[in-house]
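Novice: I'm passing along input.cif; it holds mmCIF, C-alpha atoms.
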data_upload
loop_
_atom_site.label_atom_id
_atom_site.label_comp_id
_atom_site.auth_asym_id
_atom_site.auth_seq_id
_atom_site.Cartn_x
_atom_site.Cartn_y
_atom_site.Cartn_z
CA MET A 1034 0.00 0.00 0.00
CA GLY A 1035 2.82 2.37 0.92
CA LEU A 1036 4.72 1.66 -2.32
CA ALA A 1037 1.53 2.20 -4.33
CA LEU A 1038 1.08 5.64 -2.77
CA VAL A 1039 4.70 6.51 -3.44
CA PHE A 1040 4.35 5.41 -7.05
CA ARG A 1041 1.17 7.45 -7.54
CA ALA A 1042 2.78 10.52 -5.98
CA PHE A 1043 5.82 10.15 -8.23
CA ALA A 1044 3.60 9.71 -11.30
CA ALA A 1045 1.63 12.84 -10.36
CA LEU A 1046 4.88 14.78 -9.90
CA CYS A 1047 6.12 13.71 -13.35
CA PHE A 1048 2.77 14.67 -14.86
CA PHE A 1049 2.76 18.18 -13.42
CA LEU A 1050 6.42 18.72 -14.32
CA GLN A 1051 5.72 17.77 -17.94
CA LEU A 1052 2.58 19.92 -17.91
CA ALA A 1053 4.58 22.88 -16.59
CA LEU A 1054 7.12 22.38 -19.39
CA PHE A 1055 4.28 22.28 -21.90
CA VAL A 1056 2.86 25.58 -20.62
CA GLN A 1057 6.31 27.16 -20.83
CA CYS A 1058 6.69 25.93 -24.42
CA VAL A 1059 3.32 27.43 -25.36
CA ILE A 1060 4.30 30.74 -23.76
CA ILE A 1061 7.68 30.86 -25.54
CA ALA A 1062 6.15 29.90 -28.90
CA SER A 1063 3.46 32.57 -28.44
CA VAL A 1064 6.08 35.20 -27.67
CA VAL A 1065 8.03 34.19 -30.79
CA GLY A 1066 4.86 34.62 -32.83
CA MET A 1067 4.17 38.03 -31.30
CA VAL A 1068 7.73 39.18 -32.01
CA ALA A 1069 7.27 38.10 -35.64
CA SER A 1070 3.88 39.83 -35.89
CA PRO A 1071 5.12 43.36 -36.78
CA PHE A 1072 7.19 41.96 -39.65
CA THR A 1073 4.35 39.81 -41.02
CA ARG A 1074 2.04 42.81 -40.92
CA VAL A 1075 4.51 44.95 -42.86
CA VAL A 1076 4.45 42.44 -45.73
CA ARG A 1077 0.68 41.96 -45.30
CA ARG A 1078 1.04 38.36 -44.24
CA THR A 1079 -0.65 38.47 -40.82
CA PRO A 1080 -1.45 34.69 -40.76
CA ALA A 1081 2.29 34.00 -41.06
CA THR A 1082 2.41 35.00 -37.38
CA ASN A 1083 0.75 31.64 -36.66
CA TRP A 1084 3.32 29.80 -38.75
CA ALA A 1085 6.18 31.48 -36.88
CA GLY A 1086 4.71 30.49 -33.52
CA ALA A 1087 4.04 26.97 -34.79
CA LEU A 1088 7.63 26.58 -35.98
CA ALA A 1089 8.86 27.57 -32.52
CA MET A 1090 6.42 25.14 -30.88
CA ARG A 1091 7.63 22.36 -33.12
CA VAL A 1092 11.26 22.86 -32.06
CA LEU A 1093 10.32 23.18 -28.38
CA ALA A 1094 8.12 20.08 -28.45
CA GLU A 1095 10.92 17.98 -29.89
CA HIS A 1096 13.74 19.22 -27.65
CA ILE A 1097 11.96 20.01 -24.38
CA LEU A 1098 8.83 17.84 -24.27
CA GLY A 1099 10.36 14.92 -26.15
CA ILE A 1100 7.37 14.73 -28.51
CA THR A 1101 7.64 14.31 -32.27
CA VAL A 1102 4.97 14.05 -34.95
CA GLU A 1103 4.91 11.59 -37.84
CA VAL A 1104 2.90 13.02 -40.73
CA ILE A 1105 1.63 10.51 -43.28
CA GLY A 1106 0.39 12.01 -46.53
CA ALA A 1107 2.10 15.38 -46.00
CA GLU A 1108 2.16 15.84 -49.78
CA ASN A 1109 -1.60 16.44 -49.67
CA LEU A 1110 -0.95 19.74 -47.90
CA ALA A 1111 0.73 21.04 -51.05
CA HIS A 1112 -2.73 22.11 -52.25
CA THR A 1113 -2.63 24.98 -49.75
CA ARG A 1114 0.19 26.59 -51.75
CA ASP A 1115 -1.97 26.97 -54.83
CA ARG A 1116 -5.28 27.96 -53.27
CA PRO A 1117 -6.89 28.33 -49.84
CA CYS A 1118 -8.37 25.17 -48.32
CA VAL A 1119 -10.60 24.20 -45.42
CA ILE A 1120 -8.64 21.82 -43.19
CA VAL A 1121 -10.78 19.68 -40.87
CA ALA A 1122 -9.43 17.46 -38.09
CA ASN A 1123 -10.52 15.59 -34.99
CA HIS A 1124 -10.16 17.51 -31.72
CA GLN A 1125 -8.92 15.78 -28.55
CA ASN A 1126 -6.81 17.57 -25.95
CA LEU A 1127 -3.91 19.97 -25.45
CA LEU A 1128 -1.65 17.78 -27.61
CA ASP A 1129 -3.55 19.25 -30.57
CA VAL A 1130 -1.29 22.28 -30.11
CA VAL A 1131 1.72 20.05 -30.76
CA TRP A 1132 0.65 18.22 -33.92
CA LEU A 1133 -0.85 21.38 -35.41
CA SER A 1134 2.60 22.95 -35.34
CA TRP A 1135 3.77 20.29 -37.82
CA ILE A 1136 1.12 20.83 -40.49
CA ILE A 1137 -0.24 24.39 -40.34
CA PRO A 1138 0.36 26.13 -43.69
CA ARG A 1139 2.18 29.45 -43.85
CA ARG A 1140 -1.07 31.19 -44.77
CA ALA A 1141 -3.67 29.77 -42.41
CA VAL A 1142 -5.78 30.76 -39.43
CA LEU A 1143 -7.51 28.60 -36.83
CA VAL A 1144 -11.04 28.65 -35.47
CA ALA A 1145 -11.02 28.47 -31.67
CA ASN A 1146 -13.38 28.96 -28.76
CA THR A 1147 -13.72 32.56 -27.57
CA TYR A 1148 -12.34 31.79 -24.10
CA ILE A 1149 -8.90 31.09 -25.61
CA SER A 1150 -8.71 34.69 -26.81
CA ARG A 1151 -8.83 35.77 -23.15
CA VAL A 1152 -5.91 33.59 -22.05
CA PRO A 1153 -2.88 35.83 -21.38
CA ILE A 1154 -0.04 35.57 -23.91
CA LEU A 1155 -1.59 32.69 -25.90
CA GLY A 1156 -4.73 34.71 -26.54
CA TRP A 1157 -2.71 37.80 -27.46
CA PHE A 1158 -0.66 35.76 -29.92
CA MET A 1159 -3.74 34.21 -31.51
CA ARG A 1160 -5.39 37.60 -31.93
CA LEU A 1161 -2.26 39.03 -33.55
CA GLY A 1162 -2.28 36.02 -35.90
CA GLY A 1163 -5.75 36.96 -37.11
CA ASN A 1164 -7.33 33.74 -35.86
CA LEU A 1165 -11.10 33.45 -35.62
CA PHE A 1166 -13.08 32.89 -32.44
CA VAL A 1167 -16.58 31.59 -31.86
CA ARG A 1168 -18.85 31.33 -28.84
CA GLN A 1169 -20.87 28.13 -28.94
CA GLY A 1170 -24.61 28.70 -29.05
CA ASP A 1171 -24.27 32.41 -29.88
CA ASN A 1172 -25.85 32.99 -33.30
CA GLN A 1173 -24.24 36.41 -33.69
CA SER A 1174 -20.80 34.93 -32.96
CA VAL A 1175 -21.39 32.10 -35.45
CA ARG A 1176 -22.46 34.60 -38.11
CA ALA A 1177 -19.35 36.71 -37.51
CA LEU A 1178 -17.22 33.57 -37.78
CA PHE A 1179 -18.79 32.69 -41.11
CA GLU A 1180 -18.26 36.18 -42.51
CA GLY A 1181 -14.66 36.26 -41.28
CA SER A 1182 -13.98 32.85 -42.81
CA LEU A 1183 -15.42 33.95 -46.16
CA HIS A 1184 -13.14 36.99 -46.10
CA TYR A 1185 -10.04 34.88 -45.48
CA LEU A 1186 -10.85 32.30 -48.15
CA GLU A 1187 -12.05 34.68 -50.87
CA LYS A 1188 -10.14 37.92 -50.25
CA GLU A 1189 -6.99 36.92 -48.37
CA ARG A 1190 -6.51 33.49 -49.99
CA THR A 1191 -5.85 32.09 -46.55
CA SER A 1192 -6.71 28.55 -45.44
CA ILE A 1193 -8.92 27.82 -42.43
CA VAL A 1194 -8.28 25.08 -39.84
CA MET A 1195 -11.48 23.87 -38.18
CA PHE A 1196 -12.53 21.12 -35.77
CA PRO A 1197 -15.97 19.93 -36.96
CA GLU A 1198 -16.67 18.04 -33.71
CA GLY A 1199 -17.20 21.48 -32.20
CA ARG A 1200 -15.39 20.78 -28.93
CA ARG A 1201 -12.64 18.71 -27.40
CA ASN A 1202 -13.34 15.00 -27.39
CA PRO A 1203 -10.91 13.23 -25.02
CA SER A 1204 -12.31 9.79 -25.90
CA GLU A 1205 -10.41 6.81 -24.52
CA SER A 1206 -11.31 4.77 -27.60
CA GLY A 1207 -10.82 7.47 -30.22
CA THR A 1208 -14.48 7.46 -31.29
CA LEU A 1209 -15.35 10.76 -32.94
CA LEU A 1210 -18.30 12.95 -32.08
CA GLU A 1211 -20.80 13.80 -34.78
CA PHE A 1212 -19.50 16.46 -37.15
CA LYS A 1213 -21.16 19.84 -37.47
CA LYS A 1214 -21.69 21.03 -41.03
CA GLY A 1215 -20.28 24.57 -40.69
CA ALA A 1216 -16.85 23.83 -42.19
CA PHE A 1217 -18.40 21.93 -45.08
CA TYR A 1218 -20.97 24.62 -45.83
CA LEU A 1219 -18.16 27.15 -45.83
CA ALA A 1220 -16.22 25.04 -48.35
CA TYR A 1221 -19.36 24.74 -50.47
CA CYS A 1222 -19.90 28.50 -50.52
CA THR A 1223 -16.29 29.27 -51.51
CA ARG A 1224 -15.60 26.12 -53.57
CA ALA A 1225 -12.50 25.61 -51.44
CA PRO A 1226 -11.06 22.07 -51.29
CA ILE A 1227 -11.47 20.22 -48.00
CA ILE A 1228 -8.38 18.55 -46.53
CA PRO A 1229 -9.29 15.97 -43.85
CA VAL A 1230 -6.68 15.28 -41.17
CA ALA A 1231 -6.86 12.27 -38.86
CA VAL A 1232 -4.97 12.12 -35.56
CA GLN A 1233 -4.40 8.94 -33.59
CA CYS A 1234 -6.15 8.62 -30.24
CA THR A 1235 -3.85 10.54 -27.90
CA TYR A 1236 -5.49 9.35 -24.66
CA PRO A 1237 -2.57 6.92 -24.03
CA LEU A 1238 -0.19 9.89 -24.30
CA TYR A 1239 -2.07 12.48 -22.27
CA SER A 1240 -4.89 12.34 -19.73
CA TRP A 1241 -5.65 14.85 -17.00
CA ASN A 1242 -7.86 12.38 -15.12
CA VAL A 1243 -5.13 9.76 -14.64
CA HIS A 1244 -2.21 12.23 -14.53
CA ARG A 1245 -0.47 10.89 -17.62
CA PHE A 1246 1.70 13.02 -19.92
CA ARG A 1247 4.26 10.93 -21.77
CA ARG A 1248 7.68 12.00 -22.93
CA ASN A 1249 9.70 10.51 -25.77
CA CYS A 1250 6.63 9.64 -27.79
CA ILE A 1251 5.32 10.04 -31.33
CA ILE A 1252 1.96 11.45 -32.40
CA ARG A 1253 0.90 9.96 -35.72
CA ILE A 1254 -1.37 11.84 -38.07
CA ARG A 1255 -2.58 11.22 -41.60
CA VAL A 1256 -3.43 13.93 -44.12
CA LEU A 1257 -6.09 12.46 -46.39
CA VAL A 1258 -6.62 13.21 -50.07
CA PRO A 1259 -8.23 16.64 -50.58
CA ILE A 1260 -11.93 16.67 -51.45
CA SER A 1261 -13.01 18.89 -54.33
CA THR A 1262 -16.16 20.97 -53.85
CA GLN A 1263 -16.26 22.40 -57.38
CA HIS A 1264 -19.39 20.46 -58.35
CA LEU A 1265 -20.88 20.04 -54.87
CA ALA A 1266 -24.60 20.77 -54.51
CA GLU A 1267 -26.04 22.07 -51.25
CA GLU A 1268 -28.18 18.97 -50.81
CA ASP A 1269 -25.00 16.85 -50.96
CA ILE A 1270 -23.49 18.48 -47.85
CA PRO A 1271 -24.96 16.02 -45.27
CA THR A 1272 -23.52 13.09 -47.25
CA LEU A 1273 -20.17 14.85 -47.51
CA VAL A 1274 -20.13 15.47 -43.74
CA SER A 1275 -20.92 11.81 -43.01
CA ASN A 1276 -18.40 10.42 -45.49
CA THR A 1277 -15.62 12.72 -44.27
CA ARG A 1278 -16.27 11.76 -40.66
CA ASN A 1279 -16.17 8.07 -41.60
CA ASP A 1280 -12.89 8.52 -43.49
CA ILE A 1281 -11.27 10.34 -40.58
CA GLN A 1282 -12.60 7.75 -38.11
CA LYS A 1283 -11.16 4.87 -40.13
CA ALA A 1284 -7.80 6.60 -40.39
CA CYS A 1285 -7.81 7.32 -36.64
CA ILE A 1286 -8.43 3.65 -35.85
CA SER A 1287 -5.62 2.63 -38.20
CA LEU A 1288 -3.18 5.14 -36.72
CA THR A 1289 -4.05 4.19 -33.15
CA SER A 1290 -3.58 0.49 -33.97
CA LEU A 1291 -0.19 1.28 -35.52
CA ALA A 1292 0.83 3.27 -32.44
CA MET A 1293 -0.10 0.38 -30.17
CA GLN A 1294 1.91 -2.06 -32.30
CA MET A 1295 4.96 0.20 -32.23
CA ASP A 1296 4.70 0.62 -28.45
CA THR A 1297 4.46 -3.14 -28.00
CA ALA A 1298 7.47 -3.69 -30.25
CA THR A 1299 9.59 -1.31 -28.18
#
When written as structure tokens, how does the structure in this file appear?
Specialist:
Amino acid sequence: MGLALVFRAFAALCFFLQLALFVQCVIIASVVGMVASPFTRVVRRTPATNWAGALAMRVLAEHILGITVEVIGAENLAHTRDRPCVIVANHQNLLDVVWLSWIIPRRAVLVANTYISRVPILGWFMRLGGNLFVRQGDNQSVRALFEGSLHYLEKERTSIVMFPEGRRNPSESGTLLEFKKGAFYLAYCTRAPIIPVAVQCTYPLYSWNVHRFRRNCIIRIRVLVPISTQHLAEEDIPTLVSNTRNDIQKACISLTSLAMQMDTAT
């Protein structure tokens, strides 16, 4: 009993130490982005602020947190160089900050919950990067989000990163929530390609409830083939939402299975 308590206390200490390092990495990356902001504004590339912060986060995650990201299908992101896209991915926990830093295009903004904009330093950085914020259940906020997204896609030729589940889903099994249609309707209105991104279930890597935050680990993600919306009809959107969710779910299961096999092998 005594050894079990000691073990749990040690595990909790390791968890909070790793969490503290993560917070410091986010702060440093945000500061890097804010320092870059004046220069990106001069050349009228405000979203590049996000890319600068992401690049810093990527380096910090590898060297301080001991976390790397394996991107399968990275060539599918090349579409963002030619035209703006709507990138949709599953949303799990704070490790989303890490894997996003590996794939975010140079000209892209994120859609996040309004409360993040009020977080000191991180919120300041995200506002300077021109990111979009939405308050769930607030029709006026949703309308402003839609108008802002249209502006980025049509006027600024900037991609949008969205999480169609609508909120964090820290599922232990990796089962996705139902997708909301907002991102897909936006792609339909602008004829922007949709790039689905699947992320392995990261519950084995991070969980607040069981005080687990692993070091020296790999997050595996798969960038799926872009979906054209050039000939999409409005009545086809529900089918598109369902098919995209199914494709991401299948890829998540495959990635999670691969991660388990690699962990067993080591």
Novice: Write out as a tab-separated table the residues of range 1081-1171 of chain A that have any atom within 8 Å of an atom of range 1180-1190 of chain A, one row each with the nearest atom pair and its distance in Å to one decimal, counting only C-alpha atoms, sorted by chain and then rising number.
Specialist:
residue	atom	partner	partner_atom	distance
A:Arg1116	CA	A:Arg1190	CA	6.5
A:Pro1117	CA	A:Arg1190	CA	5.2
A:Cys1118	CA	A:Leu1186	CA	7.6
A:Arg1140	CA	A:Arg1190	CA	7.9
A:Leu1165	CA	A:Gly1181	CA	7.3
Novice: Name the closest residue to Met1295 in chain A among the candidates A:Arg1253, A:Asp1269, A:Thr1208, A:Arg1160; distances are taken between atoms, counting all atoms listed in the file.
Specialist: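 With all atoms listed in the file as the atom set, the closest residue is A:Arg1253.
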Novice: In Å, rounded to a single decimal, give me how far CA of Pro1237 in chain A is from CA of Cys1250 in chain A.
Specialist: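 Calculated distance between CA of Cys1250 in chain A and CA of Pro1237 in chain A is 10.3 Å.
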Novice: Using all atoms listed in the file, determine which residues lie at most 12 Å from Asp1171 in chain A, disregarding the query and same-chain residues fewer than 5 positions distant; provide the list as a PDB file with C-alpha atoms, in the coordinates of the input.
Specialist:
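See selection-v4.pdb below for the written result:
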ATOM      1  CA  ASN A1146     -13.380  28.960 -28.760  1.00  0.00           C
ATOM      2  CA  THR A1147     -13.720  32.560 -27.570  1.00  0.00           C
ATOM      3  CA  PHE A1166     -13.080  32.890 -32.440  1.00  0.00           C
ATOM      4  CA  ARG A1176     -22.460  34.600 -38.110  1.00  0.00           C
ATOM      5  CA  ALA A1177     -19.350  36.710 -37.510  1.00  0.00           C
ATOM      6  CA  LEU A1178     -17.220  33.570 -37.780  1.00  0.00           C
TER       7      LEU A1178
END
Novice: Measure the distance from CA of Thr1289 in chain A to CA of Cys1234 in chain A in Å and round it to one decimal.
Specialist: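 Pair CA of Thr1289 in chain A / CA of Cys1234 in chain A returns 5.7 Å.
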Novice: Going by the chain IDs and residue numbers used in this file, which residues fall under the PyMOL selection byres ((chain A and resi 1261) around 8)? Write them as number ranges by chain.
Specialist: A: 1224-1227, 1259-1260, 1262-1265
Novice: Taking the file as shown, find all residues satisfying the PyMOL selection byres ((chain A and resi 1252) around 7) and write them as number ranges by chain.
Specialist: A: 1101-1103, 1233, 1250-1251, 1253-1254
Novice: I need the output of the PyMOL selection byres ((chain A and resi 1051) around 8) for this file as a PDB file with C-alpha atoms, in the coordinates of the input; which residues are they?
Specialist:
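Dumped to out_3.pdb:
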ATOM      1  CA  CYS A1047       6.120  13.710 -13.350  1.00  0.00           C
ATOM      2  CA  PHE A1048       2.770  14.670 -14.860  1.00  0.00           C
ATOM      3  CA  PHE A1049       2.760  18.180 -13.420  1.00  0.00           C
ATOM      4  CA  LEU A1050       6.420  18.720 -14.320  1.00  0.00           C
ATOM      5  CA  LEU A1052       2.580  19.920 -17.910  1.00  0.00           C
ATOM      6  CA  ALA A1053       4.580  22.880 -16.590  1.00  0.00           C
ATOM      7  CA  LEU A1054       7.120  22.380 -19.390  1.00  0.00           C
ATOM      8  CA  PHE A1055       4.280  22.280 -21.900  1.00  0.00           C
ATOM      9  CA  LEU A1098       8.830  17.840 -24.270  1.00  0.00           C
ATOM     10  CA  PHE A1246       1.700  13.020 -19.920  1.00  0.00           C
ATOM     11  CA  ARG A1247       4.260  10.930 -21.770  1.00  0.00           C
ATOM     12  CA  ARG A1248       7.680  12.000 -22.930  1.00  0.00           C
TER      13      ARG A1248
END
Novice: For a test of reading the model, state the distance in Å between CA of Thr1113 in chain A and CA of Leu1128 in chain A, rounded to one decimal.
Specialist: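 Taking CA of Thr1113 in chain A and CA of Leu1128 in chain A, their separation equals 23.3 Å.
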Novice: In the coordinates of the file, take the point (-5.6, 27.2, -43.2) and a cut-off of 6 Å; then, counting all atoms listed in the file, name each qualifying protein, DNA or RNA residue as a PyMOL selection string.
Specialist: chain A and resi 1141-1142+1191-1194
Novice: Tell me which protein, DNA and RNA residues are within 9 Å of Arg1200 in chain A, counting only C-alpha atoms, leaving out same-chain ones fewer than 2 positions away, and put them as a VMD selection string.
Specialist: chain A and resid 1124 to 1125 1146 1196 to 1198 1202 1210
Novice: Check the smallest atom-to-atom distance from each of A:Pro1071, A:Gly1035, A:Arg1091, A:Ile1097 to Gln1057 in chain A using only C-alpha atoms, then report the winner.
Specialist: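 Between A:Pro1071, A:Gly1035, A:Arg1091, A:Ile1097, the residue approaching Gln1057 in chain A most closely is A:Ile1097.
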Novice: Select, from A:Arg1078, A:Glu1205, A:Ile1270, A:Val1256, the residue with the minimum atom-to-atom distance to Tyr1221 in chain A, counting all atoms listed in the file.
Specialist: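 Ranking A:Arg1078, A:Glu1205, A:Ile1270, A:Val1256 by distance to Tyr1221 in chain A, first place goes to A:Ile1270.
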Novice: Return the single residue from A:Val1274, A:Gly1170, A:Arg1074, A:Val1119 that is closest to Cys1222 in chain A, with distances computed using all atoms listed in the file.
Specialist: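 Checking each of A:Val1274, A:Gly1170, A:Arg1074, A:Val1119 against Cys1222 in chain A, counting all atoms listed in the file, the winner is A:Val1119.
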